[in-house]
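Dropping my_file.pdb in here (PDB, C-alpha atoms, pLDDT in the B column):
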```pdb
ATOM      1  CA  MET Q   1      23.993  -4.633   6.256  1.00 44.00           C
ATOM      2  CA  THR Q   2      22.293  -2.908   3.296  1.00 46.00           C
ATOM      3  CA  HIS Q   3      23.494   0.615   3.925  1.00 57.00           C
ATOM      4  CA  ASP Q   4      25.456   0.497   0.644  1.00 83.00           C
ATOM      5  CA  PHE Q   5      22.398  -0.200  -1.502  1.00 89.00           C
ATOM      6  CA  GLY Q   6      21.598   3.498  -1.956  1.00 87.00           C
ATOM      7  CA  LEU Q   7      25.157   4.176  -3.066  1.00 89.00           C
ATOM      8  CA  HIS Q   8      25.127   1.306  -5.551  1.00 91.00           C
ATOM      9  CA  LEU Q   9      21.706   2.300  -6.867  1.00 92.00           C
ATOM     10  CA  THR Q  10      22.903   5.885  -7.302  1.00 89.00           C
ATOM     11  CA  ARG Q  11      25.895   4.598  -9.269  1.00 91.00           C
ATOM     12  CA  GLU Q  12      23.622   2.514 -11.502  1.00 93.00           C
ATOM     13  CA  LEU Q  13      21.322   5.467 -12.068  1.00 92.00           C
ATOM     14  CA  GLY Q  14      24.405   7.526 -12.924  1.00 90.00           C
ATOM     15  CA  ASN Q  15      25.504   4.888 -15.418  1.00 91.00           C
ATOM     16  CA  ARG Q  16      22.064   5.105 -17.026  1.00 91.00           C
ATOM     17  CA  PHE Q  17      21.327   8.841 -16.841  1.00 89.00           C
ATOM     18  CA  GLY Q  18      24.668  10.577 -16.273  1.00 85.00           C
ATOM     19  CA  SER Q  19      25.406  13.036 -13.501  1.00 79.00           C
ATOM     20  CA  PRO Q  20      22.707  13.479 -10.813  1.00 74.00           C
ATOM     21  CA  THR Q  21      22.953  17.232 -11.378  1.00 71.00           C
ATOM     22  CA  GLY Q  22      22.204  16.685 -15.055  1.00 74.00           C
ATOM     23  CA  ASP Q  23      19.138  15.225 -16.689  1.00 80.00           C
ATOM     24  CA  TRP Q  24      17.969  12.571 -14.246  1.00 88.00           C
ATOM     25  CA  PRO Q  25      14.244  11.889 -14.384  1.00 90.00           C
ATOM     26  CA  ALA Q  26      12.367  13.716 -11.643  1.00 89.00           C
ATOM     27  CA  SER Q  27      11.316  10.422 -10.063  1.00 93.00           C
ATOM     28  CA  ALA Q  28      14.847   8.978  -9.656  1.00 92.00           C
ATOM     29  CA  GLU Q  29      15.568  10.622  -6.312  1.00 89.00           C
ATOM     30  CA  LEU Q  30      12.104   9.714  -5.005  1.00 92.00           C
ATOM     31  CA  VAL Q  31      12.247   6.037  -5.997  1.00 94.00           C
ATOM     32  CA  THR Q  32      15.584   5.362  -4.280  1.00 92.00           C
ATOM     33  CA  PRO Q  33      14.321   5.370  -0.659  1.00 93.00           C
ATOM     34  CA  PHE Q  34      11.432   3.056  -1.564  1.00 96.00           C
ATOM     35  CA  PHE Q  35      13.852   0.570  -3.089  1.00 96.00           C
ATOM     36  CA  ALA Q  36      16.094   0.793  -0.011  1.00 94.00           C
ATOM     37  CA  ILE Q  37      13.091  -0.176   2.119  1.00 95.00           C
ATOM     38  CA  VAL Q  38      12.603  -3.266  -0.049  1.00 95.00           C
ATOM     39  CA  VAL Q  39      16.242  -4.287   0.408  1.00 95.00           C
ATOM     40  CA  ASN Q  40      16.202  -3.663   4.162  1.00 94.00           C
ATOM     41  CA  ALA Q  41      12.852  -5.348   4.755  1.00 94.00           C
ATOM     42  CA  LEU Q  42      13.800  -8.473   2.821  1.00 92.00           C
ATOM     43  CA  GLY Q  43      17.129  -8.877   4.564  1.00 89.00           C
ATOM     44  CA  GLY Q  44      19.506  -7.930   1.797  1.00 88.00           C
ATOM     45  CA  ALA Q  45      20.339  -8.168  -1.840  1.00 88.00           C
ATOM     46  CA  ASP Q  46      19.278 -11.757  -2.558  1.00 89.00           C
ATOM     47  CA  GLY Q  47      15.694 -11.381  -1.358  1.00 90.00           C
ATOM     48  CA  ALA Q  48      15.383  -7.931  -2.875  1.00 93.00           C
ATOM     49  CA  ALA Q  49      16.713  -9.071  -6.264  1.00 93.00           C
ATOM     50  CA  ARG Q  50      13.949 -11.676  -6.469  1.00 93.00           C
ATOM     51  CA  TRP Q  51      11.386  -8.972  -5.706  1.00 94.00           C
ATOM     52  CA  PHE Q  52      12.792  -6.495  -8.224  1.00 96.00           C
ATOM     53  CA  GLU Q  53      12.632  -9.194 -10.884  1.00 96.00           C
ATOM     54  CA  ALA Q  54       9.062 -10.039  -9.809  1.00 95.00           C
ATOM     55  CA  ALA Q  55       8.180  -6.336 -10.024  1.00 96.00           C
ATOM     56  CA  ARG Q  56       9.588  -6.246 -13.528  1.00 95.00           C
ATOM     57  CA  ARG Q  57       7.337  -9.172 -14.522  1.00 95.00           C
ATOM     58  CA  ALA Q  58       4.327  -7.560 -12.799  1.00 95.00           C
ATOM     59  CA  HIS Q  59       4.940  -4.324 -14.681  1.00 94.00           C
ATOM     60  CA  GLN Q  60       5.184  -6.233 -17.966  1.00 94.00           C
ATOM     61  CA  ARG Q  61       1.905  -8.026 -17.244  1.00 94.00           C
ATOM     62  CA  ALA Q  62       0.204  -4.671 -16.675  1.00 92.00           C
ATOM     63  CA  VAL Q  63       1.703  -3.248 -19.885  1.00 88.00           C
ATOM     64  CA  ASP Q  64       0.719  -6.346 -21.857  1.00 90.00           C
ATOM     65  CA  ALA Q  65      -2.859  -6.129 -20.581  1.00 89.00           C
ATOM     66  CA  ASP Q  66      -3.066  -2.475 -21.593  1.00 85.00           C
ATOM     67  CA  GLN Q  67      -1.664  -3.168 -25.043  1.00 87.00           C
ATOM     68  CA  ALA Q  68      -4.009  -6.105 -25.587  1.00 89.00           C
ATOM     69  CA  ARG Q  69      -6.910  -4.029 -24.283  1.00 91.00           C
ATOM     70  CA  THR Q  70      -7.833  -6.784 -21.870  1.00 90.00           C
ATOM     71  CA  HIS Q  71      -8.692  -6.404 -18.229  1.00 88.00           C
ATOM     72  CA  ASN Q  72      -5.723  -5.042 -16.298  1.00 83.00           C
ATOM     73  CA  PHE Q  73      -5.751  -6.173 -12.678  1.00 91.00           C
ATOM     74  CA  GLY Q  74      -3.064  -3.625 -11.869  1.00 91.00           C
ATOM     75  CA  PHE Q  75       0.528  -3.704 -10.770  1.00 91.00           C
ATOM     76  CA  ALA Q  76      -0.264  -4.496  -7.132  1.00 91.00           C
ATOM     77  CA  GLN Q  77      -2.261  -7.605  -8.013  1.00 90.00           C
ATOM     78  CA  TYR Q  78       0.374  -8.809 -10.448  1.00 91.00           C
ATOM     79  CA  LEU Q  79       3.122  -8.097  -7.894  1.00 92.00           C
ATOM     80  CA  ASP Q  80       1.246 -10.129  -5.316  1.00 91.00           C
ATOM     81  CA  LEU Q  81       1.005 -13.035  -7.749  1.00 89.00           C
ATOM     82  CA  GLU Q  82       4.638 -12.801  -8.860  1.00 91.00           C
ATOM     83  CA  THR Q  83       6.053 -12.568  -5.317  1.00 89.00           C
ATOM     84  CA  GLU Q  84       3.436 -14.812  -3.706  1.00 84.00           C
ATOM     85  CA  ALA Q  85       3.319 -12.174  -0.963  1.00 76.00           C
ATOM     86  CA  HIS Q  86      -0.200 -13.270  -0.010  1.00 79.00           C
ATOM     87  CA  GLN Q  87       1.241 -16.559   1.254  1.00 79.00           C
ATOM     88  CA  GLU Q  88       3.548 -14.944   3.821  1.00 77.00           C
ATOM     89  CA  ILE Q  89       1.991 -11.846   5.292  1.00 81.00           C
ATOM     90  CA  ASP Q  90       4.483 -10.667   7.893  1.00 91.00           C
ATOM     91  CA  LEU Q  91       5.864  -7.204   8.588  1.00 93.00           C
ATOM     92  CA  PRO Q  92       8.903  -7.428   6.285  1.00 91.00           C
ATOM     93  CA  VAL Q  93       6.770  -8.649   3.377  1.00 91.00           C
ATOM     94  CA  VAL Q  94       4.147  -5.955   3.973  1.00 93.00           C
ATOM     95  CA  ALA Q  95       6.853  -3.276   4.162  1.00 94.00           C
ATOM     96  CA  ALA Q  96       8.505  -4.502   0.964  1.00 94.00           C
ATOM     97  CA  PHE Q  97       5.173  -4.812  -0.847  1.00 93.00           C
ATOM     98  CA  GLU Q  98       3.983  -1.326   0.093  1.00 95.00           C
ATOM     99  CA  ALA Q  99       7.374   0.217  -0.716  1.00 96.00           C
ATOM    100  CA  MET Q 100       7.396  -1.438  -4.139  1.00 96.00           C
ATOM    101  CA  LYS Q 101       3.880  -0.160  -4.841  1.00 96.00           C
ATOM    102  CA  GLY Q 102       4.949   3.339  -3.769  1.00 96.00           C
ATOM    103  CA  ALA Q 103       8.020   3.324  -5.977  1.00 96.00           C
ATOM    104  CA  TYR Q 104       5.970   2.066  -8.902  1.00 96.00           C
ATOM    105  CA  GLU Q 105       3.328   4.778  -8.530  1.00 95.00           C
ATOM    106  CA  VAL Q 106       5.947   7.516  -8.352  1.00 95.00           C
ATOM    107  CA  ALA Q 107       7.932   6.182 -11.304  1.00 94.00           C
ATOM    108  CA  ARG Q 108       5.009   5.459 -13.607  1.00 91.00           C
ATOM    109  CA  ARG Q 109       3.763   9.037 -13.297  1.00 93.00           C
ATOM    110  CA  ASP Q 110       7.094  10.335 -14.575  1.00 92.00           C
ATOM    111  CA  GLY Q 111       6.798  10.415 -18.349  1.00 86.00           C
ATOM    112  CA  GLY Q 112      10.554  10.815 -18.703  1.00 81.00           C
ATOM    113  CA  VAL Q 113      11.464   7.217 -17.902  1.00 86.00           C
ATOM    114  CA  ASP Q 114      10.162   3.677 -18.257  1.00 89.00           C
ATOM    115  CA  VAL Q 115       9.593   2.071 -14.845  1.00 92.00           C
ATOM    116  CA  ASP Q 116      11.536  -0.977 -16.001  1.00 92.00           C
ATOM    117  CA  VAL Q 117      14.731   1.101 -16.072  1.00 94.00           C
ATOM    118  CA  TYR Q 118      14.493   1.523 -12.304  1.00 95.00           C
ATOM    119  CA  PHE Q 119      14.011  -2.209 -11.773  1.00 95.00           C
ATOM    120  CA  ASP Q 120      17.060  -2.875 -13.942  1.00 95.00           C
ATOM    121  CA  CYS Q 121      19.172  -0.384 -11.965  1.00 95.00           C
ATOM    122  CA  ALA Q 122      17.969  -1.898  -8.675  1.00 95.00           C
ATOM    123  CA  LEU Q 123      18.870  -5.391  -9.896  1.00 95.00           C
ATOM    124  CA  GLN Q 124      22.325  -4.214 -10.893  1.00 94.00           C
ATOM    125  CA  ALA Q 125      22.777  -2.567  -7.484  1.00 93.00           C
ATOM    126  CA  CYS Q 126      21.761  -5.827  -5.793  1.00 92.00           C
ATOM    127  CA  SER Q 127      24.305  -7.731  -7.863  1.00 90.00           C
ATOM    128  CA  ARG Q 128      27.000  -5.301  -6.710  1.00 85.00           C
ATOM    129  CA  LEU Q 129      25.999  -6.079  -3.125  1.00 80.00           C
ATOM    130  CA  GLY Q 130      26.457  -9.750  -3.772  1.00 74.00           C
ATOM    131  CA  GLY Q 131      22.852 -10.605  -4.576  1.00 55.00           C
ATOM    132  CA  ALA Q 132      21.910 -12.900  -7.386  1.00 54.00           C
ATOM    133  CA  ALA Q 133      21.199 -10.806 -10.444  1.00 49.00           C
ATOM    134  CA  PRO Q 134      18.933 -12.567 -12.945  1.00 48.00           C
ATOM    135  CA  ALA Q 135      20.448 -13.067 -16.378  1.00 47.00           C
ATOM    136  CA  ALA Q 136      17.899 -10.735 -17.990  1.00 45.00           C
ATOM    137  CA  ALA Q 137      19.044  -7.886 -15.761  1.00 41.00           C
ATOM    138  CA  THR Q 138      22.670  -8.219 -16.735  1.00 40.00           C
ATOM    139  CA  ALA Q 139      22.114  -8.528 -20.472  1.00 35.00           C
TER     140      ALA Q 139
END
```
Output the structure of this file as structure tokens.
Amino acid sequence: MTHDFGLHLTRELGNRFGSPTGDWPASAELVTPFFAIVVNALGGADGAARWFEAARRAHQRAVDADQARTHNFGFAQYLDLETEAHQEIDLPVVAAFEAMKGAYEVARRDGGVDVDVYFDCALQACSRLGGAAPAAATA
């Protein structure tokens, strides 16, 4: 069902960074399997697109808190609030949540790319699979 997600994500990363043998950020290859887990766990592109958009908002909340020098509850807390994952704790949600946290931790430690770029590429890949891509992701 979602076996094409990795291919579409790789294409989107290529559109953003060029050839995989070129100057891709070190984290790009490591983030891809985490994102595939999100897509598989949530049953396809539609569910995953909502989560990638929620992750984008969670990341922005963490960035905004840092910039405002206010208390930052962290990406995981903001992701939980944005996805409302705490309201439906089943295996697919737990798998998607943990995979998203893993991808975020890997990506944010790579100084060569903004984490939001990965969320944008994942959203574009979901739209290629027939998932609903939010307007902000396609702009």
Q) Could you name the residues that touch Q:Ala58 at 6 Å or less, counting only C-alpha atoms, but leaving out those on the same chain fewer than 6 positions away, as a list in words? A) Phe75, Tyr78 and Leu79 of chain Q
(Q) Could you check which residues have any atom within 9 Å of (10.0, -1.2, -21.3), counting all atoms listed in the file with coordinates taken straight from the file, and then list them as a ChimeraX atom specification? (A) /Q:59-60,63,114-117
Write to file, as an mmCIF file, in the frame of the given file, the residues of the selection just made, with C-alpha atoms.
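Just written: selection22.cif:
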```cif
data_model
loop_
_atom_site.group_PDB
_atom_site.id
_atom_site.type_symbol
_atom_site.label_atom_id
_atom_site.label_comp_id
_atom_site.auth_asym_id
_atom_site.auth_seq_id
_atom_site.Cartn_x
_atom_site.Cartn_y
_atom_site.Cartn_z
ATOM 1 C CA HIS Q 59 4.940 -4.324 -14.681
ATOM 2 C CA GLN Q 60 5.184 -6.233 -17.966
ATOM 3 C CA VAL Q 63 1.703 -3.248 -19.885
ATOM 4 C CA ASP Q 114 10.162 3.677 -18.257
ATOM 5 C CA VAL Q 115 9.593 2.071 -14.845
ATOM 6 C CA ASP Q 116 11.536 -0.977 -16.001
ATOM 7 C CA VAL Q 117 14.731 1.101 -16.072
#
```
(Q) Given all atoms listed in the file as the basis, pick out the residue of Q:Ile37, Q:Val113, Q:Leu42, Q:Ala65 nearest to Q:Glu98. (A) Q:Ile37
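Using all atoms listed in the file, the smallest distance between any of Q:Gly22, Q:Gly14, Q:Gly47, Q:Gly112 and Q:Val93 comes from Q:Gly47.
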**Q.** d(atom CA of Q:Asp80, atom CA of Q:Ala41) in Å
**A.** 16.1 Å
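Considering only C-alpha atoms, the residue among Q:Gly102, Q:Pro92, Q:Gly74, Q:Gly18 positioned nearest to Q:Ala48 is Q:Pro92.
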Q: Carefully work through the PyMOL selection byres ((chain Q and resi 11) around 12) for this structure and note down the residues it includes, as a PyMOL selection string.
A: chain Q and resi 4-10+12-20+28+32+121-122+124-126+128
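Of the residues listed (Q:Pro33, Q:Ala49, Q:Arg61, Q:Ser27), Q:Pro33 shows the shortest atom-to-atom separation from Q:Ala99; distances use only C-alpha atoms.
One finds atom CA of Q:Val106 at 24.8 Å from atom CA of Q:Leu129.
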Q. Quick one: distance from atom CA of Q:Glu88 to atom CA of Q:Ala45 in Å, one decimal?
A. 19.0 Å
Let me have the centre and edge lengths in Å, one decimal, of the box along x, y and z around every listed atom of stretch 53-69 of chain Q with 6 Å of margin on each side, as AutoDock Vina command-line options.
```
--center_x 2.9 --center_y -6.3 --center_z -17.7 --size_x 31.5 --size_y 19.6 --size_z 27.8
```
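For the choices Q:Ala62, Q:Val94, Q:Ala103, Q:Ile89, the atom-to-atom distance to Q:Phe34 is smallest for Q:Ala103 when using all atoms listed in the file.
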As a PDB file, in the frame of the given file, could you write out stretch 35-51 of chain Q once it has been completed with N, CA, C and O atoms?
```
ATOM      1  N   PHE Q  35      13.094   1.775  -2.778  1.00 96.00           N
ATOM      2  CA  PHE Q  35      13.852   0.570  -3.089  1.00 96.00           C
ATOM      3  C   PHE Q  35      14.738   0.151  -1.919  1.00 96.00           C
ATOM      4  O   PHE Q  35      14.917  -1.038  -1.674  1.00 96.00           O
ATOM      5  N   ALA Q  36      15.278   1.121  -1.195  1.00 94.00           N
ATOM      6  CA  ALA Q  36      16.094   0.793  -0.011  1.00 94.00           C
ATOM      7  C   ALA Q  36      15.246   0.097   1.049  1.00 94.00           C
ATOM      8  O   ALA Q  36      15.722  -0.824   1.727  1.00 94.00           O
ATOM      9  N   ILE Q  37      14.000   0.497   1.179  1.00 95.00           N
ATOM     10  CA  ILE Q  37      13.091  -0.176   2.119  1.00 95.00           C
ATOM     11  C   ILE Q  37      12.914  -1.631   1.723  1.00 95.00           C
ATOM     12  O   ILE Q  37      12.927  -2.529   2.570  1.00 95.00           O
ATOM     13  N   VAL Q  38      12.757  -1.888   0.430  1.00 95.00           N
ATOM     14  CA  VAL Q  38      12.603  -3.266  -0.049  1.00 95.00           C
ATOM     15  C   VAL Q  38      13.829  -4.090   0.346  1.00 95.00           C
ATOM     16  O   VAL Q  38      13.699  -5.190   0.893  1.00 95.00           O
ATOM     17  N   VAL Q  39      15.007  -3.563   0.093  1.00 95.00           N
ATOM     18  CA  VAL Q  39      16.242  -4.287   0.408  1.00 95.00           C
ATOM     19  C   VAL Q  39      16.347  -4.532   1.910  1.00 95.00           C
ATOM     20  O   VAL Q  39      16.635  -5.653   2.349  1.00 95.00           O
ATOM     21  N   ASN Q  40      16.106  -3.519   2.701  1.00 94.00           N
ATOM     22  CA  ASN Q  40      16.202  -3.663   4.162  1.00 94.00           C
ATOM     23  C   ASN Q  40      15.155  -4.628   4.707  1.00 94.00           C
ATOM     24  O   ASN Q  40      15.456  -5.468   5.549  1.00 94.00           O
ATOM     25  N   ALA Q  41      13.938  -4.510   4.240  1.00 94.00           N
ATOM     26  CA  ALA Q  41      12.852  -5.348   4.755  1.00 94.00           C
ATOM     27  C   ALA Q  41      13.067  -6.814   4.421  1.00 94.00           C
ATOM     28  O   ALA Q  41      12.740  -7.690   5.234  1.00 94.00           O
ATOM     29  N   LEU Q  42      13.633  -7.085   3.260  1.00 92.00           N
ATOM     30  CA  LEU Q  42      13.800  -8.473   2.821  1.00 92.00           C
ATOM     31  C   LEU Q  42      15.148  -9.066   3.215  1.00 92.00           C
ATOM     32  O   LEU Q  42      15.482 -10.162   2.801  1.00 92.00           O
ATOM     33  N   GLY Q  43      15.906  -8.336   4.000  1.00 89.00           N
ATOM     34  CA  GLY Q  43      17.129  -8.877   4.564  1.00 89.00           C
ATOM     35  C   GLY Q  43      18.343  -8.857   3.663  1.00 89.00           C
ATOM     36  O   GLY Q  43      19.293  -9.591   3.903  1.00 89.00           O
ATOM     37  N   GLY Q  44      18.324  -8.065   2.626  1.00 88.00           N
ATOM     38  CA  GLY Q  44      19.506  -7.930   1.797  1.00 88.00           C
ATOM     39  C   GLY Q  44      19.257  -8.104   0.319  1.00 88.00           C
ATOM     40  O   GLY Q  44      18.114  -8.179  -0.149  1.00 88.00           O
ATOM     41  N   ALA Q  45      20.361  -8.206  -0.384  1.00 88.00           N
ATOM     42  CA  ALA Q  45      20.339  -8.168  -1.840  1.00 88.00           C
ATOM     43  C   ALA Q  45      19.669  -9.381  -2.483  1.00 88.00           C
ATOM     44  O   ALA Q  45      18.975  -9.238  -3.486  1.00 88.00           O
ATOM     45  N   ASP Q  46      19.859 -10.568  -1.926  1.00 89.00           N
ATOM     46  CA  ASP Q  46      19.278 -11.757  -2.558  1.00 89.00           C
ATOM     47  C   ASP Q  46      17.752 -11.708  -2.577  1.00 89.00           C
ATOM     48  O   ASP Q  46      17.131 -11.899  -3.625  1.00 89.00           O
ATOM     49  N   GLY Q  47      17.151 -11.462  -1.425  1.00 90.00           N
ATOM     50  CA  GLY Q  47      15.694 -11.381  -1.358  1.00 90.00           C
ATOM     51  C   GLY Q  47      15.150 -10.233  -2.182  1.00 90.00           C
ATOM     52  O   GLY Q  47      14.138 -10.365  -2.878  1.00 90.00           O
ATOM     53  N   ALA Q  48      15.837  -9.102  -2.124  1.00 93.00           N
ATOM     54  CA  ALA Q  48      15.383  -7.931  -2.875  1.00 93.00           C
ATOM     55  C   ALA Q  48      15.492  -8.161  -4.377  1.00 93.00           C
ATOM     56  O   ALA Q  48      14.605  -7.754  -5.130  1.00 93.00           O
ATOM     57  N   ALA Q  49      16.553  -8.817  -4.823  1.00 93.00           N
ATOM     58  CA  ALA Q  49      16.713  -9.071  -6.264  1.00 93.00           C
ATOM     59  C   ALA Q  49      15.542  -9.890  -6.800  1.00 93.00           C
ATOM     60  O   ALA Q  49      15.030  -9.614  -7.886  1.00 93.00           O
ATOM     61  N   ARG Q  50      15.111 -10.877  -6.034  1.00 93.00           N
ATOM     62  CA  ARG Q  50      13.949 -11.676  -6.469  1.00 93.00           C
ATOM     63  C   ARG Q  50      12.709 -10.789  -6.585  1.00 93.00           C
ATOM     64  O   ARG Q  50      11.910 -10.955  -7.508  1.00 93.00           O
ATOM     65  N   TRP Q  51      12.546  -9.859  -5.662  1.00 94.00           N
ATOM     66  CA  TRP Q  51      11.386  -8.972  -5.706  1.00 94.00           C
ATOM     67  C   TRP Q  51      11.477  -7.967  -6.846  1.00 94.00           C
ATOM     68  O   TRP Q  51      10.471  -7.655  -7.477  1.00 94.00           O
TER      69      TRP Q  51
END
```
